[in-house]
file my_file.tsv (TSV, C-alpha atoms)
chain	number	residue	atom	x	y	z
W	1	MET	CA	27.70	2.82	-43.93
W	2	VAL	CA	26.51	0.10	-41.64
W	3	THR	CA	24.88	-2.94	-43.15
W	4	HIS	CA	22.20	-4.58	-41.04
W	5	ALA	CA	22.02	-8.35	-40.89
W	6	HIS	CA	18.29	-8.20	-40.12
W	7	SER	CA	15.53	-6.16	-41.70
W	8	LYS	CA	12.94	-4.18	-39.77
W	9	ASP	CA	10.36	-6.86	-40.61
W	10	ASP	CA	12.68	-9.57	-39.27
W	11	ILE	CA	12.96	-7.75	-35.95
W	12	PHE	CA	9.18	-7.23	-35.77
W	13	ARG	CA	8.66	-10.94	-36.41
W	14	MET	CA	11.08	-11.91	-33.65
W	15	LEU	CA	9.50	-9.52	-31.14
W	16	SER	CA	5.90	-10.36	-31.99
W	17	VAL	CA	6.14	-13.61	-30.05
W	18	ILE	CA	6.73	-11.79	-26.75
W	19	PRO	CA	3.59	-12.03	-24.62
W	20	ASP	CA	2.22	-9.29	-22.43
W	21	PRO	CA	3.47	-10.45	-19.00
W	22	GLU	CA	0.09	-9.79	-17.38
W	23	ILE	CA	-2.17	-11.04	-20.21
W	24	PRO	CA	-0.18	-13.80	-21.93
W	25	VAL	CA	-2.79	-14.47	-24.67
W	26	VAL	CA	-1.80	-11.26	-26.47
W	27	ASN	CA	1.66	-10.16	-27.58
W	28	ILE	CA	3.28	-6.75	-27.28
W	29	PHE	CA	2.68	-5.94	-30.96
W	30	GLU	CA	-1.04	-6.71	-30.78
W	31	MET	CA	-1.25	-4.63	-27.62
W	32	GLY	CA	0.16	-1.65	-29.49
W	33	MET	CA	3.13	-1.26	-27.14
W	34	LEU	CA	5.75	-2.15	-29.76
W	35	ARG	CA	5.73	0.99	-31.91
W	36	ASP	CA	8.68	0.84	-34.27
W	37	VAL	CA	12.15	-0.50	-35.00
W	38	LEU	CA	14.79	1.94	-36.25
W	39	LEU	CA	17.93	0.78	-38.02
W	40	ASP	CA	20.80	3.17	-37.34
W	41	ASP	CA	24.60	3.28	-37.30
W	42	SER	CA	24.89	1.58	-33.93
W	43	GLY	CA	22.36	-1.17	-34.66
W	44	TYR	CA	18.67	-1.49	-33.85
W	45	GLU	CA	16.52	0.77	-31.74
W	46	VAL	CA	13.23	-0.72	-30.57
W	47	ILE	CA	10.60	1.92	-29.81
W	48	LEU	CA	8.31	0.95	-26.97
W	49	THR	CA	5.48	2.87	-25.31
W	50	PRO	CA	3.99	2.19	-21.85
W	51	THR	CA	0.27	1.47	-21.46
W	52	TYR	CA	0.06	3.32	-18.13
W	53	THR	CA	2.81	5.66	-16.86
W	54	GLY	CA	3.41	3.45	-13.84
W	55	CYS	CA	2.95	0.09	-15.59
W	56	PRO	CA	5.21	-2.27	-13.61
W	57	ALA	CA	5.47	-4.70	-16.56
W	58	MET	CA	7.58	-2.34	-18.67
W	59	GLY	CA	10.90	-3.37	-17.11
W	60	MET	CA	10.12	-7.02	-17.80
W	61	ILE	CA	9.05	-6.33	-21.39
W	62	GLU	CA	12.26	-4.41	-22.03
W	63	ALA	CA	14.30	-7.31	-20.64
W	64	ASP	CA	12.27	-9.78	-22.77
W	65	ILE	CA	12.95	-7.76	-25.91
W	66	LEU	CA	16.71	-7.66	-25.33
W	67	ALA	CA	16.81	-11.36	-24.43
W	68	THR	CA	14.74	-12.35	-27.49
W	69	LEU	CA	16.95	-10.36	-29.85
W	70	ALA	CA	20.14	-11.72	-28.26
W	71	HIS	CA	18.73	-15.24	-28.60
W	72	ASN	CA	18.15	-14.58	-32.33
W	73	GLY	CA	21.70	-13.38	-32.77
W	74	VAL	CA	20.84	-9.69	-33.17
W	75	LYS	CA	23.69	-7.47	-32.06
W	76	GLY	CA	23.53	-3.80	-31.05
W	77	ALA	CA	19.89	-3.68	-29.91
W	78	ARG	CA	18.56	-0.98	-27.63
W	79	VAL	CA	15.11	-0.19	-26.28
W	80	LYS	CA	13.80	3.35	-26.20
W	81	MET	CA	10.70	4.26	-24.18
W	82	VAL	CA	8.55	6.99	-25.72
W	83	MET	CA	5.39	8.63	-24.40
W	84	ASP	CA	4.37	10.49	-27.52
W	85	PRO	CA	1.92	9.74	-28.97
W	86	ALA	CA	0.25	8.46	-25.81
W	87	TRP	CA	-0.77	4.82	-25.94
W	88	THR	CA	-4.44	4.18	-26.54
W	89	THR	CA	-6.48	1.00	-26.51
W	90	ASP	CA	-7.57	2.00	-30.04
W	91	TRP	CA	-4.21	0.62	-31.19
W	92	MET	CA	-5.20	-2.82	-30.00
W	93	SER	CA	-5.89	-4.99	-33.06
W	94	GLY	CA	-9.22	-6.69	-33.69
W	95	VAL	CA	-7.44	-10.01	-33.37
W	96	ALA	CA	-6.16	-8.99	-29.94
W	97	LYS	CA	-9.65	-7.99	-28.84
W	98	ASP	CA	-11.03	-11.37	-29.93
W	99	LYS	CA	-8.25	-13.12	-28.01
W	100	LEU	CA	-9.04	-11.10	-24.89
W	101	ARG	CA	-12.74	-11.98	-25.15
W	102	ALA	CA	-11.96	-15.67	-25.57
W	103	TYR	CA	-9.68	-15.41	-22.52
W	104	GLY	CA	-12.59	-14.02	-20.45
W	105	ILE	CA	-11.62	-10.34	-20.48
W	106	ALA	CA	-14.09	-7.87	-21.99
W	107	PRO	CA	-12.09	-5.88	-24.56
W	108	PRO	CA	-11.95	-2.07	-24.41
W	109	LEU	CA	-14.60	0.07	-26.04
W	110	HIS	CA	-13.40	2.80	-28.38
W	111	SER	CA	-11.39	5.46	-26.51
W	112	SER	CA	-14.00	8.11	-27.28
W	113	CYS	CA	-15.90	6.60	-24.37
W	114	ASN	CA	-13.20	8.04	-22.15
W	115	HIS	CA	-13.84	11.64	-23.13
W	116	ASP	CA	-16.76	12.08	-20.82
W	117	VAL	CA	-15.32	11.90	-17.31
W	118	PHE	CA	-18.60	10.91	-15.72
W	119	GLY	CA	-20.02	8.82	-18.54
W	120	HIS	CA	-21.20	5.28	-18.04
W	121	ASN	CA	-20.92	2.69	-20.74
W	122	ILE	CA	-22.43	-0.69	-21.41
W	123	ILE	CA	-19.83	-3.42	-21.05
W	124	LYS	CA	-20.82	-6.75	-22.58
W	125	CYS	CA	-20.19	-9.94	-20.60
W	126	PRO	CA	-17.42	-11.83	-22.47
W	127	ARG	CA	-19.01	-15.17	-21.52
W	128	CYS	CA	-22.73	-14.82	-22.32
W	129	GLN	CA	-22.69	-11.50	-24.26
W	130	SER	CA	-25.30	-10.00	-21.93
W	131	ASP	CA	-25.54	-6.20	-21.69
W	132	ASP	CA	-26.74	-6.43	-18.10
W	133	THR	CA	-23.48	-6.05	-16.19
W	134	VAL	CA	-22.35	-4.06	-13.18
W	135	MET	CA	-18.96	-2.64	-12.16
W	136	LEU	CA	-17.68	-4.12	-8.90
W	137	SER	CA	-14.34	-2.34	-8.72
W	138	ARG	CA	-12.56	0.29	-10.79
W	139	PHE	CA	-9.47	-1.89	-10.70
W	140	GLY	CA	-8.90	-5.56	-11.22
W	141	ALA	CA	-5.66	-7.51	-11.07
W	142	THR	CA	-3.82	-4.78	-13.00
W	143	ALA	CA	-4.10	-1.01	-13.46
W	144	CYS	CA	-5.48	-1.44	-16.99
W	145	LYS	CA	-8.51	-3.50	-15.97
W	146	ALA	CA	-11.71	-3.03	-13.95
W	147	LEU	CA	-13.76	-5.73	-12.28
W	148	TYR	CA	-17.34	-6.38	-13.44
W	149	GLN	CA	-20.05	-8.93	-12.83
W	150	CYS	CA	-22.71	-10.20	-15.22
W	151	ASN	CA	-26.24	-10.02	-13.82
W	152	ASP	CA	-27.41	-12.78	-16.19
W	153	CYS	CA	-24.81	-15.54	-15.94
W	154	LYS	CA	-23.60	-14.17	-12.57
W	155	GLU	CA	-19.96	-14.66	-13.55
W	156	PRO	CA	-17.44	-12.01	-12.52
W	157	PHE	CA	-15.12	-10.82	-15.29
W	158	GLU	CA	-12.45	-8.26	-16.01
W	159	TYR	CA	-12.90	-5.37	-18.40
W	160	PHE	CA	-9.91	-3.89	-20.19
W	161	LYS	CA	-10.56	-0.18	-19.71
W	162	CYS	CA	-10.53	2.06	-22.73
W	163	HIS	CA	-7.66	4.48	-22.47
X	1	MET	CA	17.87	31.82	-11.52
X	2	ASN	CA	18.71	31.32	-15.17
X	3	GLN	CA	16.24	29.74	-17.59
X	4	GLN	CA	17.64	26.23	-17.06
X	5	GLU	CA	17.31	26.50	-13.26
X	6	VAL	CA	13.77	27.83	-13.57
X	7	MET	CA	12.77	24.93	-15.81
X	8	PHE	CA	14.43	22.48	-13.38
X	9	LYS	CA	12.41	23.87	-10.47
X	10	TYR	CA	9.25	23.81	-12.55
X	11	CYS	CA	9.65	20.11	-13.37
X	12	LEU	CA	10.46	19.33	-9.73
X	13	ARG	CA	7.24	21.04	-8.63
X	14	LEU	CA	5.18	18.86	-10.93
X	15	GLY	CA	7.16	15.72	-10.15
X	16	ASP	CA	7.20	16.25	-6.37
X	17	ASN	CA	3.42	16.68	-6.27
X	18	ALA	CA	3.13	13.25	-7.87
X	19	LEU	CA	5.85	11.63	-5.74
X	20	ILE	CA	4.63	12.81	-2.34
X	21	ARG	CA	0.99	12.16	-3.17
X	22	SER	CA	2.00	8.70	-4.28
X	23	TYR	CA	3.60	8.15	-0.88
X	24	ARG	CA	0.42	9.14	0.96
X	25	LEU	CA	-1.78	7.04	-1.34
X	26	SER	CA	0.38	3.97	-0.85
X	27	GLU	CA	-0.03	4.31	2.93
X	28	TRP	CA	-3.57	3.06	2.33
X	29	CYS	CA	-2.19	-0.27	1.12
X	30	SER	CA	-3.91	-2.94	3.30
X	31	ASN	CA	-5.65	-0.16	5.29
X	32	ALA	CA	-8.48	0.89	2.98
X	33	PRO	CA	-12.08	0.38	4.14
X	34	ILE	CA	-12.80	-2.24	1.47
X	35	LEU	CA	-10.69	-4.41	-0.81
X	36	GLU	CA	-11.78	-2.59	-4.00
X	37	GLU	CA	-10.63	0.68	-2.50
X	38	ASP	CA	-7.32	-0.84	-1.47
X	39	LEU	CA	-6.79	-1.77	-5.13
X	40	ALA	CA	-7.91	1.62	-6.40
X	41	LEU	CA	-5.75	3.74	-4.08
X	42	THR	CA	-2.62	1.68	-4.63
X	43	ASN	CA	-3.19	1.79	-8.40
X	44	PHE	CA	-3.50	5.56	-8.18
X	45	ALA	CA	-0.23	5.55	-6.22
X	46	LEU	CA	1.30	3.59	-9.10
X	47	ASP	CA	0.07	6.17	-11.63
X	48	MET	CA	1.69	8.88	-9.52
X	49	ILE	CA	4.99	7.00	-9.31
X	50	GLY	CA	5.03	6.62	-13.08
X	51	ARG	CA	4.36	10.32	-13.49
X	52	ALA	CA	7.01	11.24	-10.90
X	53	GLN	CA	9.56	9.03	-12.69
X	54	ALA	CA	8.90	10.76	-15.99
X	55	LEU	CA	8.97	14.29	-14.56
X	56	LEU	CA	11.94	13.84	-12.21
X	57	GLY	CA	13.83	12.01	-14.96
X	58	TYR	CA	13.22	14.98	-17.26
X	59	ALA	CA	14.21	17.43	-14.49
X	60	GLY	CA	17.51	15.55	-14.17
X	61	GLN	CA	18.11	15.87	-17.93
X	62	ILE	CA	17.43	19.60	-17.82
X	63	GLU	CA	19.74	20.07	-14.86
X	64	GLY	CA	22.46	18.27	-16.82
X	65	LYS	CA	24.47	17.07	-13.84
X	66	GLY	CA	23.79	13.40	-14.37
X	67	ARG	CA	21.19	13.07	-11.61
X	68	THR	CA	18.57	10.38	-12.28
X	69	ASP	CA	14.93	10.23	-11.16
X	70	ASP	CA	16.06	8.05	-8.24
X	71	ASP	CA	18.78	10.53	-7.23
X	72	LEU	CA	16.23	13.32	-7.17
X	73	ALA	CA	13.71	11.28	-5.19
X	74	TYR	CA	16.10	9.76	-2.67
X	75	ARG	CA	18.99	12.17	-2.31
X	76	ARG	CA	17.37	15.53	-1.99
X	77	GLY	CA	16.73	17.45	1.22
X	78	GLU	CA	13.37	18.67	2.46
X	79	ARG	CA	13.97	22.30	1.48
X	80	SER	CA	14.63	21.25	-2.11
X	81	PHE	CA	11.23	19.55	-2.46
X	82	TYR	CA	8.63	21.77	-4.10
X	83	ASN	CA	5.35	19.87	-3.71
X	84	VAL	CA	2.28	21.75	-2.45
X	85	LEU	CA	1.45	21.30	1.24
X	86	LEU	CA	-1.84	19.57	0.40
X	87	THR	CA	0.03	16.50	-0.88
X	88	GLU	CA	2.07	15.96	2.29
X	89	LEU	CA	-0.71	16.24	4.91
X	90	PRO	CA	-1.44	12.97	6.72
X	91	ASN	CA	-4.27	10.89	5.25
X	92	GLN	CA	-6.33	11.20	8.46
X	93	ASP	CA	-9.48	9.28	7.57
X	94	PHE	CA	-10.91	8.13	4.25
X	95	ALA	CA	-12.98	11.32	3.84
X	96	TYR	CA	-9.81	13.45	4.14
X	97	THR	CA	-8.07	11.39	1.52
X	98	MET	CA	-11.03	11.68	-0.84
X	99	ALA	CA	-11.27	15.45	-0.30
X	100	ARG	CA	-7.56	15.78	-1.11
X	101	GLU	CA	-7.93	13.56	-4.18
X	102	LEU	CA	-10.90	15.61	-5.39
X	103	TYR	CA	-9.06	18.92	-4.92
X	104	MET	CA	-5.83	17.68	-6.50
X	105	SER	CA	-7.39	15.76	-9.38
X	106	ALA	CA	-9.74	18.60	-10.31
X	107	PHE	CA	-6.77	21.00	-10.34
X	108	GLU	CA	-4.65	18.60	-12.37
X	109	TYR	CA	-7.49	18.00	-14.79
X	110	PHE	CA	-7.50	21.69	-15.71
X	111	TYR	CA	-3.72	22.15	-15.43
X	112	TYR	CA	-2.66	19.15	-17.51
X	113	SER	CA	-5.39	19.88	-20.09
X	114	GLY	CA	-3.47	23.12	-20.68
X	115	LEU	CA	0.01	21.56	-20.46
X	116	VAL	CA	-0.86	19.24	-23.36
X	117	ALA	CA	-0.50	22.30	-25.62
X	118	SER	CA	2.91	23.28	-24.19
X	119	LYS	CA	5.70	24.10	-26.64
X	120	ASP	CA	7.94	21.72	-24.67
X	121	ALA	CA	7.44	18.40	-26.50
X	122	THR	CA	8.48	16.20	-23.55
X	123	LEU	CA	6.14	17.88	-21.07
X	124	ALA	CA	3.31	17.91	-23.61
X	125	ALA	CA	3.77	14.16	-24.13
X	126	ILE	CA	3.84	13.43	-20.40
X	127	ALA	CA	0.73	15.61	-19.98
X	128	ALA	CA	-1.19	13.82	-22.74
X	129	LYS	CA	-0.35	10.47	-21.18
X	130	THR	CA	-1.11	11.52	-17.65
X	131	LEU	CA	-4.35	13.36	-18.45
X	132	LYS	CA	-6.05	10.06	-19.26
X	133	GLU	CA	-5.18	8.82	-15.80
X	134	ILE	CA	-6.20	12.08	-14.11
X	135	LYS	CA	-9.73	11.76	-15.56
X	136	TYR	CA	-10.04	8.42	-13.86
X	137	HIS	CA	-8.72	9.77	-10.54
X	138	LEU	CA	-11.16	12.67	-10.71
X	139	SER	CA	-14.15	10.52	-11.47
X	140	HIS	CA	-13.24	8.16	-8.63
X	141	ALA	CA	-12.85	10.93	-6.03
X	142	THR	CA	-16.06	12.57	-7.25
X	143	ASP	CA	-18.04	9.37	-6.78
X	144	TRP	CA	-16.84	9.01	-3.19
X	145	VAL	CA	-17.42	12.62	-2.19
X	146	LEU	CA	-20.99	12.33	-3.51
X	147	ARG	CA	-21.54	9.04	-1.74
X	148	LEU	CA	-20.13	10.11	1.61
X	149	GLY	CA	-21.56	13.65	1.58
X	150	ASP	CA	-25.01	12.46	0.57
X	151	GLY	CA	-24.78	9.39	2.79
X	152	THR	CA	-25.42	8.86	6.50
X	153	ALA	CA	-25.31	11.65	9.09
X	154	GLU	CA	-21.88	10.42	10.18
X	155	SER	CA	-20.35	10.15	6.69
X	156	HIS	CA	-21.78	13.59	5.87
X	157	ALA	CA	-20.21	15.13	8.97
X	158	LYS	CA	-16.82	13.55	8.26
X	159	MET	CA	-16.87	14.59	4.60
X	160	GLN	CA	-17.83	18.15	5.55
X	161	ALA	CA	-15.01	18.33	8.12
X	162	ALA	CA	-12.54	17.11	5.49
X	163	VAL	CA	-13.54	19.55	2.73
X	164	ASP	CA	-13.53	22.41	5.27
X	165	ASP	CA	-10.11	21.57	6.74
X	166	LEU	CA	-8.40	21.07	3.38
X	167	TRP	CA	-9.95	24.03	1.57
X	168	PRO	CA	-7.31	26.55	2.82
X	169	TYR	CA	-4.61	24.26	1.40
X	170	ALA	CA	-6.16	24.20	-2.07
X	171	SER	CA	-5.39	27.89	-2.66
X	172	GLU	CA	-1.68	27.14	-2.94
X	173	LEU	CA	-2.41	25.28	-6.18
X	174	PHE	CA	-3.37	28.54	-7.86
X	175	GLU	CA	-0.37	30.62	-6.86
X	176	SER	CA	1.44	32.03	-9.84
X	177	ASP	CA	4.97	33.29	-9.21
X	178	THR	CA	8.03	34.25	-11.28
X	179	THR	CA	8.77	30.59	-12.05
X	180	ASP	CA	5.29	30.16	-13.49
X	181	ALA	CA	5.55	33.44	-15.38
X	182	ALA	CA	8.85	32.35	-16.94
X	183	MET	CA	7.38	29.00	-18.00
X	184	ILE	CA	4.20	30.58	-19.33
X	185	SER	CA	6.26	32.71	-21.67
X	186	ALA	CA	8.96	30.14	-22.49
X	187	ILE	CA	6.95	26.95	-23.07
X	188	SER	CA	3.30	28.09	-23.01
X	189	ALA	CA	2.71	26.42	-19.64
X	190	PRO	CA	-0.75	27.03	-18.15
X	191	ASP	CA	-1.16	29.88	-15.64
X	192	PRO	CA	-2.36	28.28	-12.37
X	193	ALA	CA	-4.03	31.52	-11.26
X	194	ALA	CA	-6.20	31.50	-14.38
X	195	LEU	CA	-7.60	28.07	-13.45
X	196	LYS	CA	-9.01	29.00	-10.08
X	197	ASP	CA	-12.47	30.07	-11.27
X	198	SER	CA	-12.98	26.88	-13.26
X	199	TRP	CA	-11.78	24.81	-10.31
X	200	VAL	CA	-14.03	26.54	-7.76
X	201	LYS	CA	-17.01	26.20	-10.09
X	202	HIS	CA	-16.34	22.51	-10.78
X	203	VAL	CA	-15.61	21.52	-7.17
X	204	SER	CA	-18.49	23.63	-5.75
X	205	ALA	CA	-20.97	21.89	-8.04
X	206	ILE	CA	-19.79	18.50	-6.78
X	207	LEU	CA	-19.94	19.59	-3.13
X	208	LYS	CA	-23.45	20.99	-3.58
X	209	GLU	CA	-24.62	17.79	-5.24
X	210	ALA	CA	-23.14	15.94	-2.28
X	211	THR	CA	-25.31	18.13	0.02
X	212	LEU	CA	-22.15	19.67	1.48
X	213	ASP	CA	-21.55	23.34	2.25
X	214	VAL	CA	-18.94	24.98	0.04
X	215	PRO	CA	-16.23	26.39	2.37
X	216	THR	CA	-15.95	30.17	2.38
X	217	THR	CA	-12.67	30.69	4.25
X	218	MET	CA	-10.16	32.90	2.45
X	219	TYR	CA	-7.16	31.80	4.53
X	220	THR	CA	-4.29	30.19	2.59
X	221	HIS	CA	-1.61	27.80	3.78
X	222	THR	CA	1.40	28.19	1.56
X	223	GLY	CA	5.13	27.54	1.21
X	224	GLY	CA	5.57	24.08	-0.26
X	225	ARG	CA	6.16	25.29	-3.82
X	226	ASN	CA	9.23	27.13	-2.52
X	227	GLY	CA	10.53	24.44	-0.19
X	228	ILE	CA	8.94	25.69	3.04
X	229	HIS	CA	7.05	22.67	4.32
X	230	SER	CA	4.87	21.52	7.19
X	231	GLU	CA	6.36	19.17	9.79
X	232	ASN	CA	4.99	16.23	7.76
X	233	LEU	CA	7.40	16.19	4.83
X	234	GLY	CA	10.47	15.54	6.99
X	235	HIS	CA	8.82	12.42	8.40
X	236	ILE	CA	7.89	11.22	4.91
X	237	LEU	CA	11.44	11.69	3.64
X	238	ALA	CA	13.00	10.07	6.72
X	239	GLU	CA	11.15	6.88	5.85
X	240	MET	CA	11.21	7.14	2.05
X	241	GLN	CA	14.93	7.92	1.88
X	242	PHE	CA	16.06	5.59	4.64
X	243	LEU	CA	17.49	2.87	2.42
X	244	PRO	CA	19.68	5.03	0.16
X	245	HIS	CA	20.91	6.87	3.27
X	246	ALA	CA	21.80	3.69	5.11
X	247	TYR	CA	23.18	1.85	2.05
X	248	PRO	CA	24.17	4.54	-0.47
X	249	ASP	CA	25.30	2.15	-3.18
X	250	ALA	CA	22.56	-0.45	-2.80
X	251	LYS	CA	21.30	-1.91	-6.09
X	252	TRP	CA	18.17	-3.92	-6.84

call {"tool": "encode", "arguments": {"input": "my_file.tsv", "output": "structure tokens"}}
result
Amino acid sequence: MVTHAHSKDDIFRMLSVIPDPEIPVVNIFEMGMLRDVLLDDSGYEVILTPTYTGCPAMGMIEADILATLAHNGVKGARVKMVMDPAWTTDWMSGVAKDKLRAYGIAPPLHSSCNHDVFGHNIIKCPRCQSDDTVMLSRFGATACKALYQCNDCKEPFEYFKCH
Amino acid sequence: MNQQEVMFKYCLRLGDNALIRSYRLSEWCSNAPILEEDLALTNFALDMIGRAQALLGYAGQIEGKGRTDDDLAYRRGERSFYNVLLTELPNQDFAYTMARELYMSAFEYFYYSGLVASKDATLAAIAAKTLKEIKYHLSHATDWVLRLGDGTAESHAKMQAAVDDLWPYASELFESDTTDAAMISAISAPDPAALKDSWVKHVSAILKEATLDVPTTMYTHTGGRNGIHSENLGHILAEMQFLPHAYPDAKW
């Protein structure tokens, strides 16, 4: 029987300070990428899920997790990447969505908006809350965002796509 | 082939379609007609790389000889690649690329919708993940085919030439052979042949809305799914695999 020096909650607390490398105002727990921590005979297994299959930030997040745990004196930590269940923006907490909005990124609508392939949705401007916005580009600075512009305040902004 | 070898080949077919298409998409990097399109096509390429990593990684596990996703991408010969010919054809112009993306994404939309229900938990998980991305690819390609087909006389002519030229390559997507049959019975994989009607109906409706003629040719280019490729794949691999060939033990 292995005794663990840290509880599951301890590990979650340590890891919840790690920011998303692309959107540093939210952390990996709020983003819904940090799924679980398993305590087993060889130590701690951190269960992580990618936002997009090709998300280039995953390698960095994995390295951040191992470095953070090592810094906190946690021994025997491993990271396991899982795809099931598939990540959805519905896992993003309300707090995270508020932080995104304050940062100037329109947060994702509910994922049901994604079910209709050709549907068009109203995306509110995160600066002036106007409904009168237009998509400029299906992609912004990262795969998970699209580029929009507000027709009222004229400001361009990014929209975190529902997924 | 025993069951393990069949499953290995099956995963390579899915993974190679993503890998080779990713290569062609990334050739648009800095060459797309507008900046937004440059971002879109390279992001699609990234989606495909992620999918290829997952599928080739799983193929390596099934094979059980310790080969990683990188080994399978970089240290495999042309005849052992099983992507469909449509993915390896040169990009030509933007209309060709959009026709290919429409044909491939529409097929994958139907195929991966079925694969989600596979009895193989890993493939079902990859399918569920990837299906979300496929919907986006399909909607993007659809928008462009509509815009170019129902655009100027020149964009219409180019879009029509592209859908006509690539149509005979689309048929390969719906071939169903012994590998498919084995996977249909073993893991409840979708039957590609059963998807053809839905695909033709879906794509034809888009082409008609784009004021384009739906091609009627019955001719089929085939071979890629069994390792018999056009002259294009060798050139892709020569470039893609150059570094591991020149420096076999190179590390990042």

call {"tool": "axis_aligned_box", "arguments": {"input": "my_file.tsv", "around": "region 124-135 of chain X", "padding_each_side": "4 Å", "output": "lines of an AutoDock Vina configuration file"}}
result
center_x = -2.9
center_y = 13.4
center_z = -19.1
size_x = 21.6
size_y = 17.1
size_z = 18.0

call {"tool": "interface_residues", "arguments": {"input": "my_file.tsv", "of": "chain W", "to": "chain X", "cutoff": "6 Å", "atoms": "all atoms listed in the file", "output": "compact mmCIF listing (two decimals) with C-alpha atoms, keeping the file's coordinate frame"}}
result
# COMPACT_ATOMS: atom_id res chain seq x y z
CA THR W 53 2.81 5.66 -16.86
CA GLY W 54 3.41 3.45 -13.84
CA MET W 83 5.39 8.63 -24.40
CA ASP W 84 4.37 10.49 -27.52
CA ALA W 86 0.25 8.46 -25.81
CA VAL W 117 -15.32 11.90 -17.31
CA SER W 137 -14.34 -2.34 -8.72
CA PHE W 139 -9.47 -1.89 -10.70
CA ALA W 143 -4.10 -1.01 -13.46

call {"tool": "closest_residue", "arguments": {"input": "my_file.tsv", "among": "W:Asp98, W:Pro56, W:His71, W:Trp91", "to": "Ile28 (chain W)", "atoms": "all atoms listed in the file"}}
result
W:Trp91

call {"tool": "residues_near_point", "arguments": {"input": "my_file.tsv", "point": "(8.0, 18.3, -4.7)", "cutoff": "12 Å", "atoms": "all atoms listed in the file", "output": "PDB file with C-alpha atoms, in the coordinates of the input"}}
result
ATOM      1  CA  PHE X   8      14.430  22.480 -13.380  1.00  0.00           C
ATOM      2  CA  LYS X   9      12.410  23.870 -10.470  1.00  0.00           C
ATOM      3  CA  TYR X  10       9.250  23.810 -12.550  1.00  0.00           C
ATOM      4  CA  CYS X  11       9.650  20.110 -13.370  1.00  0.00           C
ATOM      5  CA  LEU X  12      10.460  19.330  -9.730  1.00  0.00           C
ATOM      6  CA  ARG X  13       7.240  21.040  -8.630  1.00  0.00           C
ATOM      7  CA  LEU X  14       5.180  18.860 -10.930  1.00  0.00           C
ATOM      8  CA  GLY X  15       7.160  15.720 -10.150  1.00  0.00           C
ATOM      9  CA  ASP X  16       7.200  16.250  -6.370  1.00  0.00           C
ATOM     10  CA  ASN X  17       3.420  16.680  -6.270  1.00  0.00           C
ATOM     11  CA  ALA X  18       3.130  13.250  -7.870  1.00  0.00           C
ATOM     12  CA  LEU X  19       5.850  11.630  -5.740  1.00  0.00           C
ATOM     13  CA  ILE X  20       4.630  12.810  -2.340  1.00  0.00           C
ATOM     14  CA  ARG X  21       0.990  12.160  -3.170  1.00  0.00           C
ATOM     15  CA  SER X  22       2.000   8.700  -4.280  1.00  0.00           C
ATOM     16  CA  TYR X  23       3.600   8.150  -0.880  1.00  0.00           C
ATOM     17  CA  ALA X  52       7.010  11.240 -10.900  1.00  0.00           C
ATOM     18  CA  LEU X  55       8.970  14.290 -14.560  1.00  0.00           C
ATOM     19  CA  LEU X  56      11.940  13.840 -12.210  1.00  0.00           C
ATOM     20  CA  ALA X  59      14.210  17.430 -14.490  1.00  0.00           C
ATOM     21  CA  LEU X  72      16.230  13.320  -7.170  1.00  0.00           C
ATOM     22  CA  ALA X  73      13.710  11.280  -5.190  1.00  0.00           C
ATOM     23  CA  TYR X  74      16.100   9.760  -2.670  1.00  0.00           C
ATOM     24  CA  ARG X  76      17.370  15.530  -1.990  1.00  0.00           C
ATOM     25  CA  GLY X  77      16.730  17.450   1.220  1.00  0.00           C
ATOM     26  CA  GLU X  78      13.370  18.670   2.460  1.00  0.00           C
ATOM     27  CA  ARG X  79      13.970  22.300   1.480  1.00  0.00           C
ATOM     28  CA  SER X  80      14.630  21.250  -2.110  1.00  0.00           C
ATOM     29  CA  PHE X  81      11.230  19.550  -2.460  1.00  0.00           C
ATOM     30  CA  TYR X  82       8.630  21.770  -4.100  1.00  0.00           C
ATOM     31  CA  ASN X  83       5.350  19.870  -3.710  1.00  0.00           C
ATOM     32  CA  VAL X  84       2.280  21.750  -2.450  1.00  0.00           C
ATOM     33  CA  LEU X  85       1.450  21.300   1.240  1.00  0.00           C
ATOM     34  CA  LEU X  86      -1.840  19.570   0.400  1.00  0.00           C
ATOM     35  CA  THR X  87       0.030  16.500  -0.880  1.00  0.00           C
ATOM     36  CA  GLU X  88       2.070  15.960   2.290  1.00  0.00           C
ATOM     37  CA  GLY X 223       5.130  27.540   1.210  1.00  0.00           C
ATOM     38  CA  GLY X 224       5.570  24.080  -0.260  1.00  0.00           C
ATOM     39  CA  ARG X 225       6.160  25.290  -3.820  1.00  0.00           C
ATOM     40  CA  ASN X 226       9.230  27.130  -2.520  1.00  0.00           C
ATOM     41  CA  GLY X 227      10.530  24.440  -0.190  1.00  0.00           C
ATOM     42  CA  ILE X 228       8.940  25.690   3.040  1.00  0.00           C
ATOM     43  CA  HIS X 229       7.050  22.670   4.320  1.00  0.00           C
ATOM     44  CA  LEU X 233       7.400  16.190   4.830  1.00  0.00           C
ATOM     45  CA  ILE X 236       7.890  11.220   4.910  1.00  0.00           C
ATOM     46  CA  LEU X 237      11.440  11.690   3.640  1.00  0.00           C
TER      47      LEU X 237
END

call {"tool": "residues_around", "arguments": {"input": "my_file.tsv", "residues": "region 150-160 of chain W", "least_positions_apart": "5", "cutoff": "12 Å", "atoms": "all atoms listed in the file", "output": "ChimeraX atom specification"}}
result
/W:22-23,31,51,88-90,92,96-97,100-111,121-145

call {"tool": "atom_distance", "arguments": {"input": "my_file.tsv", "atom1": "CA of Val214 (chain X)", "atom2": "CA of Leu146 (chain X)"}}
result
13.3 Å

call {"tool": "decode", "arguments": {"input": "my_file.tsv", "residues": "region 130-134 of chain X", "atoms": "C-alpha atoms", "output": "short mmCIF file (atom, residue, chain, number, x, y, z; two decimals), in the first residue's frame"}}
result
data_model
loop_
_atom_site.label_atom_id
_atom_site.label_comp_id
_atom_site.auth_asym_id
_atom_site.auth_seq_id
_atom_site.Cartn_x
_atom_site.Cartn_y
_atom_site.Cartn_z
CA THR X 130 -12.45 15.06 -34.85
CA LEU X 131 -16.09 15.30 -35.97
CA LYS X 132 -16.39 18.73 -34.36
CA GLU X 133 -13.48 19.93 -36.46
CA ILE X 134 -14.79 18.27 -39.64
#
